[in-house]
>>> print(open('entry_21.cif').read())   # mmCIF, C-alpha atoms
data_my_file
loop_
_atom_site.group_PDB
_atom_site.id
_atom_site.type_symbol
_atom_site.label_atom_id
_atom_site.label_comp_id
_atom_site.auth_asym_id
_atom_site.auth_seq_id
_atom_site.Cartn_x
_atom_site.Cartn_y
_atom_site.Cartn_z
ATOM 1 C CA MET A 1 15.925 -2.237 -14.696
ATOM 2 C CA SER A 2 19.708 -2.374 -14.359
ATOM 3 C CA ASP A 3 19.852 -3.057 -10.604
ATOM 4 C CA ALA A 4 16.910 -5.479 -10.605
ATOM 5 C CA PRO A 5 18.885 -8.600 -9.536
ATOM 6 C CA GLU A 6 20.502 -6.724 -6.634
ATOM 7 C CA PHE A 7 17.186 -5.279 -5.560
ATOM 8 C CA GLU A 8 15.475 -8.665 -5.823
ATOM 9 C CA ALA A 9 18.176 -10.172 -3.590
ATOM 10 C CA PHE A 10 17.704 -7.251 -1.183
ATOM 11 C CA VAL A 11 13.934 -7.900 -0.989
ATOM 12 C CA ARG A 12 14.489 -11.655 -0.508
ATOM 13 C CA LYS A 13 16.918 -10.953 2.317
ATOM 14 C CA TYR A 14 14.722 -8.544 4.274
ATOM 15 C CA GLN A 15 11.145 -9.441 3.320
ATOM 16 C CA ASP A 16 10.540 -11.693 6.352
ATOM 17 C CA MET A 17 11.849 -9.055 8.756
ATOM 18 C CA VAL A 18 9.759 -6.251 7.221
ATOM 19 C CA PHE A 19 6.645 -8.412 7.010
ATOM 20 C CA ALA A 20 7.046 -9.702 10.596
ATOM 21 C CA THR A 21 7.334 -6.157 11.959
ATOM 22 C CA ALA A 22 4.342 -4.999 9.921
ATOM 23 C CA VAL A 23 2.061 -7.933 10.654
ATOM 24 C CA ARG A 24 2.708 -7.770 14.393
ATOM 25 C CA LEU A 25 2.087 -4.038 14.519
ATOM 26 C CA LEU A 26 -0.981 -4.095 12.285
ATOM 27 C CA GLY A 27 -2.361 -7.493 13.299
ATOM 28 C CA ASN A 28 -3.519 -8.080 9.737
ATOM 29 C CA PRO A 29 -1.484 -9.984 7.090
ATOM 30 C CA SER A 30 -3.086 -8.313 4.079
ATOM 31 C CA GLU A 31 -2.498 -4.784 5.394
ATOM 32 C CA ALA A 32 1.020 -5.831 6.409
ATOM 33 C CA GLU A 33 1.711 -6.931 2.825
ATOM 34 C CA ASP A 34 0.544 -3.543 1.514
ATOM 35 C CA VAL A 35 2.802 -1.730 3.971
ATOM 36 C CA ALA A 36 5.760 -4.018 3.168
ATOM 37 C CA GLN A 37 5.310 -3.243 -0.534
ATOM 38 C CA THR A 38 5.325 0.498 0.195
ATOM 39 C CA VAL A 39 8.450 0.149 2.341
ATOM 40 C CA PHE A 40 10.356 -1.751 -0.354
ATOM 41 C CA LEU A 41 9.286 0.738 -3.018
ATOM 42 C CA ARG A 42 10.686 3.509 -0.825
ATOM 43 C CA ALA A 43 13.870 1.465 -0.408
ATOM 44 C CA PHE A 44 14.111 1.129 -4.194
ATOM 45 C CA GLN A 45 13.864 4.905 -4.611
ATOM 46 C CA ARG A 46 16.931 5.232 -2.328
ATOM 47 C CA PHE A 47 18.580 1.990 -3.330
ATOM 48 C CA ASP A 48 21.892 3.633 -4.207
ATOM 49 C CA ARG A 49 22.230 4.717 -0.559
ATOM 50 C CA VAL A 50 20.308 1.965 1.245
ATOM 51 C CA GLY A 51 21.179 -1.093 -0.854
ATOM 52 C CA ALA A 52 24.721 -1.714 0.312
ATOM 53 C CA SER A 53 24.471 0.107 3.630
ATOM 54 C CA PRO A 54 25.191 -1.907 6.800
ATOM 55 C CA ALA A 55 22.358 0.080 8.412
ATOM 56 C CA ALA A 56 19.814 -1.166 5.845
ATOM 57 C CA ALA A 57 18.044 -3.472 8.318
ATOM 58 C CA GLY A 58 17.691 -0.684 10.886
ATOM 59 C CA TRP A 59 16.499 1.752 8.207
ATOM 60 C CA LEU A 60 13.913 -0.757 6.974
ATOM 61 C CA LYS A 61 12.678 -1.448 10.516
ATOM 62 C CA THR A 62 12.274 2.256 11.257
ATOM 63 C CA VAL A 63 10.523 2.951 7.963
ATOM 64 C CA THR A 64 8.242 -0.069 8.465
ATOM 65 C CA ARG A 65 7.370 0.998 11.996
ATOM 66 C CA ASN A 66 6.554 4.544 10.894
ATOM 67 C CA ALA A 67 4.599 3.332 7.862
ATOM 68 C CA CYS A 68 2.532 1.028 10.091
ATOM 69 C CA LEU A 69 1.794 3.791 12.594
ATOM 70 C CA ASN A 70 0.843 6.147 9.742
ATOM 71 C CA HIS A 71 -1.361 3.436 8.265
ATOM 72 C CA LEU A 72 -3.062 2.905 11.623
ATOM 73 C CA SER A 73 -3.647 6.602 12.208
ATOM 74 C CA ARG A 74 -4.917 7.103 8.654
ATOM 75 C CA TYR A 75 -7.091 4.044 8.189
ATOM 76 C CA ARG A 76 -8.003 3.246 11.754
ATOM 77 C CA ALA A 77 -8.396 6.807 12.966
ATOM 78 C CA ARG A 78 -9.236 7.483 16.537
ATOM 79 C CA TRP A 79 -7.656 4.258 17.866
ATOM 80 C CA GLN A 80 -5.880 6.457 20.351
ATOM 81 C CA PHE A 81 -9.150 8.063 21.415
ATOM 82 C CA PHE A 82 -10.989 4.779 21.715
ATOM 83 C CA SER A 83 -8.109 3.173 23.566
ATOM 84 C CA GLU A 84 -9.438 4.892 26.670
ATOM 85 C CA LEU A 85 -12.322 2.456 26.467
ATOM 86 C CA ASP A 86 -11.059 -0.952 27.461
ATOM 87 C CA ALA A 87 -11.873 -2.921 24.331
ATOM 88 C CA PRO A 88 -12.173 -6.635 25.030
ATOM 89 C CA ILE A 89 -9.724 -9.074 23.441
ATOM 90 C CA ARG A 90 -11.152 -10.610 20.288
ATOM 91 C CA GLU A 91 -11.739 -14.324 20.450
ATOM 92 C CA ALA A 92 -8.412 -16.074 19.982
ATOM 93 C CA PRO A 93 -8.497 -19.548 18.477
ATOM 94 C CA PRO A 94 -8.839 -22.342 21.061
ATOM 95 C CA ALA A 95 -5.626 -24.209 21.726
ATOM 96 C CA SER A 96 -6.334 -27.125 23.965
ATOM 97 C CA SER A 97 -3.974 -30.114 23.619
ATOM 98 C CA VAL A 98 -1.850 -28.769 20.803
ATOM 99 C CA ALA A 99 1.751 -29.335 19.820
ATOM 100 C CA GLN A 100 4.372 -26.711 20.653
ATOM 101 C CA ASP A 101 4.519 -25.375 17.079
ATOM 102 C CA GLU A 102 0.793 -25.054 16.904
ATOM 103 C CA LEU A 103 0.760 -23.429 20.332
ATOM 104 C CA ARG A 104 3.193 -20.782 19.076
ATOM 105 C CA GLU A 105 1.082 -20.190 15.994
ATOM 106 C CA ARG A 106 -1.921 -19.707 18.191
ATOM 107 C CA LEU A 107 -0.055 -17.409 20.574
ATOM 108 C CA GLU A 108 0.893 -15.341 17.524
ATOM 109 C CA ALA A 109 -2.790 -15.260 16.577
ATOM 110 C CA ALA A 110 -3.727 -14.254 20.131
ATOM 111 C CA LEU A 111 -1.168 -11.450 19.972
ATOM 112 C CA ARG A 112 -2.653 -10.218 16.678
ATOM 113 C CA ALA A 113 -6.128 -10.430 18.186
ATOM 114 C CA LEU A 114 -5.271 -7.938 20.920
ATOM 115 C CA PRO A 115 -6.861 -4.503 20.446
ATOM 116 C CA ASP A 116 -4.583 -2.017 18.646
ATOM 117 C CA HIS A 117 -3.891 0.110 21.695
ATOM 118 C CA GLN A 118 -2.556 -2.896 23.617
ATOM 119 C CA ARG A 119 -0.841 -4.777 20.779
ATOM 120 C CA ILE A 120 1.126 -1.849 19.340
ATOM 121 C CA PRO A 121 2.989 -0.801 22.516
ATOM 122 C CA LEU A 122 3.439 -4.477 23.452
ATOM 123 C CA VAL A 123 5.050 -5.254 20.070
ATOM 124 C CA LEU A 124 7.192 -2.117 20.203
ATOM 125 C CA PHE A 125 8.401 -3.131 23.677
ATOM 126 C CA HIS A 126 8.967 -6.862 23.212
ATOM 127 C CA PHE A 127 9.943 -7.141 19.542
ATOM 128 C CA GLU A 128 11.312 -3.697 18.646
ATOM 129 C CA ASP A 129 13.080 -3.250 22.011
ATOM 130 C CA LEU A 130 11.843 0.320 22.496
ATOM 131 C CA SER A 131 11.705 1.771 26.008
ATOM 132 C CA TYR A 132 8.469 2.949 27.589
ATOM 133 C CA ALA A 133 9.528 6.565 27.052
ATOM 134 C CA ALA A 134 10.375 5.947 23.379
ATOM 135 C CA ILE A 135 7.032 4.194 22.832
ATOM 136 C CA ALA A 136 5.194 7.057 24.517
ATOM 137 C CA ALA A 137 7.025 9.569 22.299
ATOM 138 C CA THR A 138 6.360 7.499 19.164
ATOM 139 C CA LEU A 139 2.651 7.111 19.885
ATOM 140 C CA GLY A 140 2.168 10.604 21.314
ATOM 141 C CA VAL A 141 0.708 9.362 24.616
ATOM 142 C CA SER A 142 1.876 9.448 28.223
ATOM 143 C CA VAL A 143 4.341 6.922 29.671
ATOM 144 C CA GLY A 144 1.692 5.966 32.227
ATOM 145 C CA LYS A 145 -0.765 5.075 29.496
ATOM 146 C CA VAL A 146 1.858 3.019 27.665
ATOM 147 C CA LYS A 147 2.620 1.070 30.851
ATOM 148 C CA THR A 148 -1.069 0.477 31.536
ATOM 149 C CA ASP A 149 -1.775 -0.676 27.978
ATOM 150 C CA ILE A 150 1.250 -2.983 27.920
ATOM 151 C CA HIS A 151 0.273 -4.427 31.303
ATOM 152 C CA ARG A 152 -3.267 -5.083 30.089
ATOM 153 C CA GLY A 153 -1.953 -6.677 26.907
ATOM 154 C CA ARG A 154 0.402 -8.931 28.866
ATOM 155 C CA ASP A 155 -2.396 -9.832 31.248
ATOM 156 C CA ALA A 156 -4.672 -10.782 28.347
ATOM 157 C CA LEU A 157 -1.920 -12.976 26.873
ATOM 158 C CA ARG A 158 -1.200 -14.565 30.260
ATOM 159 C CA ARG A 159 -4.871 -15.418 30.686
ATOM 160 C CA TRP A 160 -4.808 -16.953 27.225
ATOM 161 C CA LEU A 161 -1.657 -18.908 28.108
ATOM 162 C CA ASP A 162 -3.120 -20.081 31.417
ATOM 163 C CA ARG A 163 -6.203 -21.346 29.647
ATOM 164 C CA TYR A 164 -4.430 -23.205 26.887
ATOM 165 C CA THR A 165 -0.919 -24.143 27.995
ATOM 166 C CA ALA A 166 -1.864 -25.779 31.292
ATOM 167 C CA PRO A 167 -3.119 -29.048 29.717
ATOM 168 C CA TYR A 168 -0.047 -29.133 27.438
ATOM 169 C CA GLU A 169 2.500 -28.428 30.182
ATOM 170 C CA SER A 170 0.960 -30.899 32.636
ATOM 171 C CA ARG A 171 1.611 -33.775 30.222
ATOM 172 C CA MET B 1 1.133 -12.165 39.592
ATOM 173 C CA ASN B 2 3.112 -8.950 40.038
ATOM 174 C CA PRO B 3 3.997 -6.814 36.961
ATOM 175 C CA GLY B 4 7.655 -7.923 36.984
ATOM 176 C CA ASP B 5 6.768 -11.635 36.929
ATOM 177 C CA LEU B 6 4.086 -11.013 34.327
ATOM 178 C CA GLU B 7 6.631 -9.244 32.106
ATOM 179 C CA ARG B 8 9.094 -12.140 32.473
ATOM 180 C CA VAL B 9 6.517 -14.840 31.716
ATOM 181 C CA VAL B 10 5.007 -13.105 28.702
ATOM 182 C CA SER B 11 8.396 -12.010 27.405
ATOM 183 C CA ALA B 12 9.707 -15.595 27.598
ATOM 184 C CA HIS B 13 6.785 -16.864 25.539
ATOM 185 C CA LEU B 14 6.953 -14.029 23.010
ATOM 186 C CA ARG B 15 10.714 -14.435 22.538
ATOM 187 C CA ARG B 16 10.140 -18.060 21.551
ATOM 188 C CA LEU B 17 7.774 -17.060 18.761
ATOM 189 C CA PRO B 18 9.332 -17.512 15.316
ATOM 190 C CA ALA B 19 9.164 -14.446 13.047
ATOM 191 C CA PRO B 20 6.202 -14.688 10.663
ATOM 192 C CA ARG B 21 7.324 -15.482 7.106
ATOM 193 C CA ALA B 22 6.475 -13.105 4.279
ATOM 194 C CA PRO B 23 3.886 -14.505 1.863
ATOM 195 C CA HIS B 24 5.107 -15.758 -1.525
ATOM 196 C CA THR B 25 3.096 -13.031 -3.214
ATOM 197 C CA LEU B 26 5.122 -10.211 -1.644
ATOM 198 C CA LEU B 27 8.215 -10.374 -3.879
ATOM 199 C CA PRO B 28 6.260 -10.368 -7.191
ATOM 200 C CA ARG B 29 4.101 -7.517 -5.872
ATOM 201 C CA VAL B 30 7.139 -5.442 -4.928
ATOM 202 C CA LEU B 31 8.832 -6.063 -8.276
ATOM 203 C CA ALA B 32 5.642 -5.167 -10.167
ATOM 204 C CA ALA B 33 5.267 -1.959 -8.110
ATOM 205 C CA VAL B 34 8.896 -1.044 -8.805
ATOM 206 C CA ARG B 35 8.431 -1.684 -12.551
ATOM 207 C CA GLN B 36 5.292 0.464 -12.573
ATOM 208 C CA TRP B 37 7.102 3.224 -10.680
ATOM 209 C CA ARG B 38 10.008 3.187 -13.129
ATOM 210 C CA GLU B 39 7.692 3.265 -16.113
ATOM 211 C CA ARG B 40 5.505 6.118 -14.884
ATOM 212 C CA PRO B 41 5.066 9.024 -17.335
ATOM 213 C CA TRP B 42 7.794 11.701 -17.323
ATOM 214 C CA TYR B 43 5.414 14.523 -16.371
ATOM 215 C CA THR B 44 4.565 12.857 -13.046
ATOM 216 C CA ARG B 45 8.258 12.847 -12.032
ATOM 217 C CA ALA B 46 10.291 15.658 -10.457
ATOM 218 C CA TRP B 47 11.068 18.561 -12.817
ATOM 219 C CA PHE B 48 14.806 17.816 -12.630
ATOM 220 C CA SER B 49 14.260 14.366 -14.187
ATOM 221 C CA TRP B 50 12.129 15.632 -17.108
ATOM 222 C CA PRO B 51 13.553 15.269 -20.640
ATOM 223 C CA ILE B 52 15.854 18.212 -21.423
ATOM 224 C CA GLU B 53 13.611 19.546 -24.205
ATOM 225 C CA TRP B 54 10.650 19.701 -21.804
ATOM 226 C CA GLN B 55 12.797 21.378 -19.148
ATOM 227 C CA VAL B 56 13.819 24.032 -21.713
ATOM 228 C CA ALA B 57 10.250 24.428 -22.988
ATOM 229 C CA SER B 58 8.809 24.778 -19.472
ATOM 230 C CA SER B 59 11.516 27.314 -18.519
ATOM 231 C CA LEU B 60 10.754 29.339 -21.673
ATOM 232 C CA LEU B 61 7.043 29.196 -20.954
ATOM 233 C CA LEU B 62 7.605 30.401 -17.393
ATOM 234 C CA GLY B 63 9.783 33.243 -18.721
ATOM 235 C CA VAL B 64 7.083 34.234 -21.214
ATOM 236 C CA VAL B 65 4.417 34.212 -18.500
ATOM 237 C CA VAL B 66 6.508 36.350 -16.134
ATOM 238 C CA THR B 67 7.462 38.793 -18.906
ATOM 239 C CA GLY B 68 3.856 39.010 -20.030
ATOM 240 C CA LEU B 69 2.695 39.758 -16.516
ATOM 241 C CA VAL B 70 5.276 42.503 -16.122
ATOM 242 C CA TRP B 71 4.352 43.931 -19.539
ATOM 243 C CA LEU B 72 0.644 43.727 -18.706
ATOM 244 C CA LEU B 73 1.153 45.639 -15.481
ATOM 245 C CA GLY B 74 2.160 48.554 -17.598
ATOM 246 C CA SER B 75 5.141 50.058 -19.271
ATOM 247 C CA GLY B 76 7.541 52.741 -18.103
ATOM 248 C CA GLU B 77 6.955 53.981 -14.592
ATOM 249 C CA ALA B 78 4.586 51.172 -13.648
ATOM 250 C CA SER B 79 7.127 48.515 -14.700
ATOM 251 C CA GLU B 80 9.884 50.327 -12.849
ATOM 252 C CA LEU B 81 7.676 50.567 -9.800
ATOM 253 C CA VAL B 82 6.909 46.837 -10.004
ATOM 254 C CA MET B 83 10.606 45.977 -10.385
ATOM 255 C CA TRP B 84 11.506 48.282 -7.484
ATOM 256 C CA ARG B 85 8.776 46.795 -5.299
ATOM 257 C CA ALA B 86 9.918 43.302 -6.274
ATOM 258 C CA SER B 87 13.505 43.994 -5.275
ATOM 259 C CA THR B 88 12.747 45.823 -2.028
ATOM 260 C CA VAL B 89 9.647 44.118 -0.722
ATOM 261 C CA VAL B 90 8.945 40.818 -2.479
ATOM 262 C CA VAL B 91 12.415 39.253 -2.389
ATOM 263 C CA PRO B 92 13.007 39.773 1.378
ATOM 264 C CA GLY B 93 9.341 38.908 1.914
ATOM 265 C CA ILE B 94 9.807 35.579 0.151
ATOM 266 C CA ALA B 95 12.786 34.780 2.373
ATOM 267 C CA ASN B 96 10.675 35.413 5.490
ATOM 268 C CA LEU B 97 7.682 33.712 3.933
ATOM 269 C CA GLY B 98 9.451 30.348 3.778
ATOM 270 C CA GLU B 99 10.228 30.482 7.471
ATOM 271 C CA ARG B 100 6.722 31.658 8.373
ATOM 272 C CA LEU B 101 5.171 29.014 6.117
ATOM 273 C CA SER B 102 7.216 26.280 7.789
ATOM 274 C CA LEU B 103 6.189 27.492 11.251
ATOM 275 C CA ALA B 104 2.550 27.778 10.236
ATOM 276 C CA THR B 105 2.593 24.298 8.671
ATOM 277 C CA THR B 106 4.078 22.768 11.810
ATOM 278 C CA ALA B 107 1.565 24.562 14.011
ATOM 279 C CA ALA B 108 -1.310 23.517 11.746
ATOM 280 C CA ARG B 109 -0.093 19.894 11.735
ATOM 281 C CA VAL B 110 0.147 19.813 15.532
ATOM 282 C CA ALA B 111 -3.278 21.443 15.883
ATOM 283 C CA TRP B 112 -4.806 19.020 13.384
ATOM 284 C CA HIS B 113 -3.320 15.948 15.144
ATOM 285 C CA THR B 114 -4.775 17.257 18.390
ATOM 286 C CA VAL B 115 -8.300 17.818 17.089
ATOM 287 C CA GLU B 116 -8.428 15.036 14.464
ATOM 288 C CA PRO B 117 -9.926 12.369 16.757
ATOM 289 C CA LEU B 118 -12.621 14.807 17.872
ATOM 290 C CA VAL B 119 -13.682 16.180 14.483
ATOM 291 C CA VAL B 120 -16.433 13.615 13.941
ATOM 292 C CA TYR B 121 -17.829 14.231 17.404
ATOM 293 C CA ALA B 122 -17.544 17.985 16.994
ATOM 294 C CA CYS B 123 -19.510 17.730 13.714
ATOM 295 C CA ALA B 124 -22.100 15.556 15.444
ATOM 296 C CA ALA B 125 -22.357 18.069 18.305
ATOM 297 C CA VAL B 126 -22.754 20.974 15.854
ATOM 298 C CA MET B 127 -25.451 19.073 13.954
ATOM 299 C CA LEU B 128 -27.230 18.262 17.238
ATOM 300 C CA MET B 129 -27.075 21.905 18.275
ATOM 301 C CA CYS B 130 -28.435 22.957 14.863
ATOM 302 C CA ALA B 131 -31.266 20.471 15.242
ATOM 303 C CA ALA B 132 -31.948 21.744 18.785
ATOM 304 C CA CYS B 133 -31.993 25.339 17.516
ATOM 305 C CA ALA B 134 -34.393 24.365 14.727
ATOM 306 C CA VAL B 135 -36.716 22.632 17.213
ATOM 307 C CA PHE B 136 -36.507 25.574 19.609
ATOM 308 C CA GLY B 137 -37.164 28.017 16.777
ATOM 309 C CA ALA B 138 -40.137 25.988 15.573
ATOM 310 C CA ALA B 139 -41.553 25.795 19.114
ATOM 311 C CA LEU B 140 -41.027 29.504 19.672
ATOM 312 C CA GLY B 141 -42.618 30.322 16.326
ATOM 313 C CA ARG B 142 -45.586 28.143 17.105
ATOM 314 C CA VAL B 143 -46.098 29.753 20.552
ATOM 315 C CA MET B 144 -45.778 33.255 19.103
ATOM 316 C CA PHE B 145 -48.045 32.353 16.193
ATOM 317 C CA GLU B 146 -50.701 30.936 18.548
ATOM 318 C CA ARG B 147 -50.520 34.048 20.743
ATOM 319 C CA ALA B 148 -50.888 36.225 17.681
ATOM 320 C CA VAL B 149 -53.879 34.179 16.581
ATOM 321 C CA GLN B 150 -55.435 34.305 20.063
ATOM 322 C CA ARG B 151 -55.151 38.101 20.041
#
>>> encode(input="entry_21.cif", output="structure tokens")
Amino acid sequence: MSDAPEFEAFVRKYQDMVFATAVRLLGNPSEAEDVAQTVFLRAFQRFDRVGASPAAAGWLKTVTRNACLNHLSRYRARWQFFSELDAPIREAPPASSVAQDELRERLEAALRALPDHQRIPLVLFHFEDLSYAAIAATLGVSVGKVKTDIHRGRDALRRWLDRYTAPYESR
Amino acid sequence: MNPGDLERVVSAHLRRLPAPRAPHTLLPRVLAAVRQWRERPWYTRAWFSWPIEWQVASSLLLGVVVTGLVWLLGSGEASELVMWRASTVVVPGIANLGERLSLATTAARVAWHTVEPLVVYACAAVMLMCAACAVFGAALGRVMFERAVQR
């Protein structure tokens, strides 16, 4: 493998970014690792063009986002259909009287615990900086539905924050 | 809390979240996958990256197959007819076929994405209808049979 050291450096540089995007979209670290591996393999197959490109980070983010959405539609089929039913938030870990770092960890866990149809548009909006229209086009749903799902996701997170940050902030 | 305030509050908290770190296992996994991909057998790769001798052999084989087919279709007039048909009908047809195939594939993909979430339920509905038909048929048969017996 002649370009192995360069590619290894490339993976080291971008692995956190790719994994963070994948794990927030998928809400599952093990699936995110699988997707990240696929993304880097694809990058290796085009390494002569991607490796030294200044647009490598953007390319990786786009490929990761698309790979995650493909993964969700393939392995968690019908999430779009079921999103019409308002699935309840899964139980997030309790976070009473915790330090700021731990609080962030638990907020991350609460975000991952959101149902797919709320978490995905929320992550695309807040972390990938996509507009409502772009999210709607990416997911193949209406802008109204994207807004509703994001609002519900935010509301679920706010309720979680109200429950667990109040004791911390009052100190 | 109105939607604007809610967006601000949640956004402020989410922006403070540090990016999750990739697990230590990711790099070795990627390198192993890359090694495996590079070492895959030549016949699973694209034809253009096959060894030259296999490219030549496969081209020869294809030539033999095509020639054999033409020869099998008959000699003389039949061959001429085939060649004429190939030049006047098949070649322009192939050019149109690519375009039509692309359109059909796109249409099929769009149609499939539309119906995909409903396929399971459609199958369930069809099975239910089959079951209902079977029950109805059995009931009808029984009624008719009883009437026939009563007569």
>>> axis_aligned_box(input="entry_21.cif", around="segment 141-159 of chain A", padding_each_side="6 Å", output="AutoDock Vina command-line options")
--center_x -0.3 --center_y -3.0 --center_z 28.4 --size_x 21.2 --size_y 36.9 --size_z 19.6
>>> residues_around(input="entry_21.cif", residues="Leu41 of chain A", least_positions_apart="5", cutoff="8 Å", atoms="all atoms listed in the file", output="VMD selection string")
chain B and resid 30 33 to 34
>>> closest_atom_pairs(input="entry_21.cif", of="chain A", to="chain B", cutoff="9 Å", atoms="all atoms listed in the file", output="CSV")
residue,atom,partner,partner_atom,distance
A:Met1,CA,B:Arg35,CA,7.8
A:Ala4,CA,B:Leu31,CA,8.4
A:Phe7,CA,B:Leu31,CA,8.8
A:Glu8,CA,B:Leu31,CA,7.5
A:Val11,CA,B:Leu27,CA,6.9
A:Arg12,CA,B:Leu27,CA,7.2
A:Gln15,CA,B:Ala22,CA,6.0
A:Asp16,CA,B:Ala22,CA,4.8
A:Met17,CA,B:Ala19,CA,7.4
A:Val18,CA,B:Ala22,CA,8.1
A:Phe19,CA,B:Ala22,CA,5.4
A:Ala20,CA,B:Pro20,CA,5.1
A:Thr21,CA,B:Ala19,CA,8.6
A:Val23,CA,B:Pro20,CA,7.9
A:Arg24,CA,B:Pro20,CA,8.6
A:Pro29,CA,B:Pro23,CA,8.8
A:Glu33,CA,B:Leu26,CA,6.5
A:Asp34,CA,B:Leu26,CA,8.7
A:Ala36,CA,B:Leu26,CA,7.9
A:Gln37,CA,B:Val30,CA,5.2
A:Thr38,CA,B:Val30,CA,8.1
A:Phe40,CA,B:Val30,CA,6.7
A:Leu41,CA,B:Val34,CA,6.1
A:Phe44,CA,B:Val34,CA,7.3
A:Gln45,CA,B:Val34,CA,8.8
A:Ala77,CA,B:Pro117,CA,6.9
A:Arg78,CA,B:Pro117,CA,4.9
A:Trp79,CA,B:Pro117,CA,8.5
A:Gln80,CA,B:Pro117,CA,8.0
A:Phe81,CA,B:Pro117,CA,6.4
A:Arg104,CA,B:Leu17,CA,5.9
A:Glu105,CA,B:Leu17,CA,7.9
A:Leu107,CA,B:Leu17,CA,8.0
A:Glu108,CA,B:Leu17,CA,7.2
A:His126,CA,B:Ser11,CA,6.7
A:Phe127,CA,B:Arg15,CA,7.9
A:His151,CA,B:Pro3,CA,7.2
A:Arg154,CA,B:Val10,CA,6.2
A:Asp155,CA,B:Leu6,CA,7.3
A:Leu157,CA,B:Val10,CA,7.2
A:Arg158,CA,B:Val10,CA,6.6
A:Leu161,CA,B:Val10,CA,8.9
>>> resolve_selection(input="entry_21.cif", expression="the PyMOL selection byres ((chain A and resi 56) around 12)", output="list in words")
Phe10, Val11, Lys13, Tyr14, Met17, Val18, Val39, Phe40, Ala43, Phe44, Arg46, Phe47, Asp48, Arg49, Val50, Gly51, Ala52, Ser53, Pro54, Ala55, Ala57, Gly58, Trp59, Leu60, Lys61, Thr62, Val63 and Thr64 of chain A
>>> atom_distance(input="entry_21.cif", atom1="atom CA of Val89 of chain B", atom2="atom CA of Gln55 of chain B")
29.4 Å
>>> atom_distance(input="entry_21.cif", atom1="atom CA of Ala95 of chain B", atom2="atom CA of Ala108 of chain B")
20.3 Å
>>> residues_near_point(input="entry_21.cif", point="(2.9, 4.5, 3.4)", cutoff="7 Å", atoms="all atoms listed in the file", output="VMD selection string")
chain A and resid 35 38 67 70 to 71
>>> atom_distance(input="entry_21.cif", atom1="atom CA of Asp5 of chain B", atom2="atom CA of Asp162 of chain A")
14.1 Å
>>> resolve_selection(input="entry_21.cif", expression="the PyMOL selection byres ((chain A and resi 134-141) around 10)", output="VMD selection string")
(chain A and resid 65 to 66 69 73 80 117 120 to 122 124 to 125 128 to 133 142 to 147) or (chain B and resid 113)
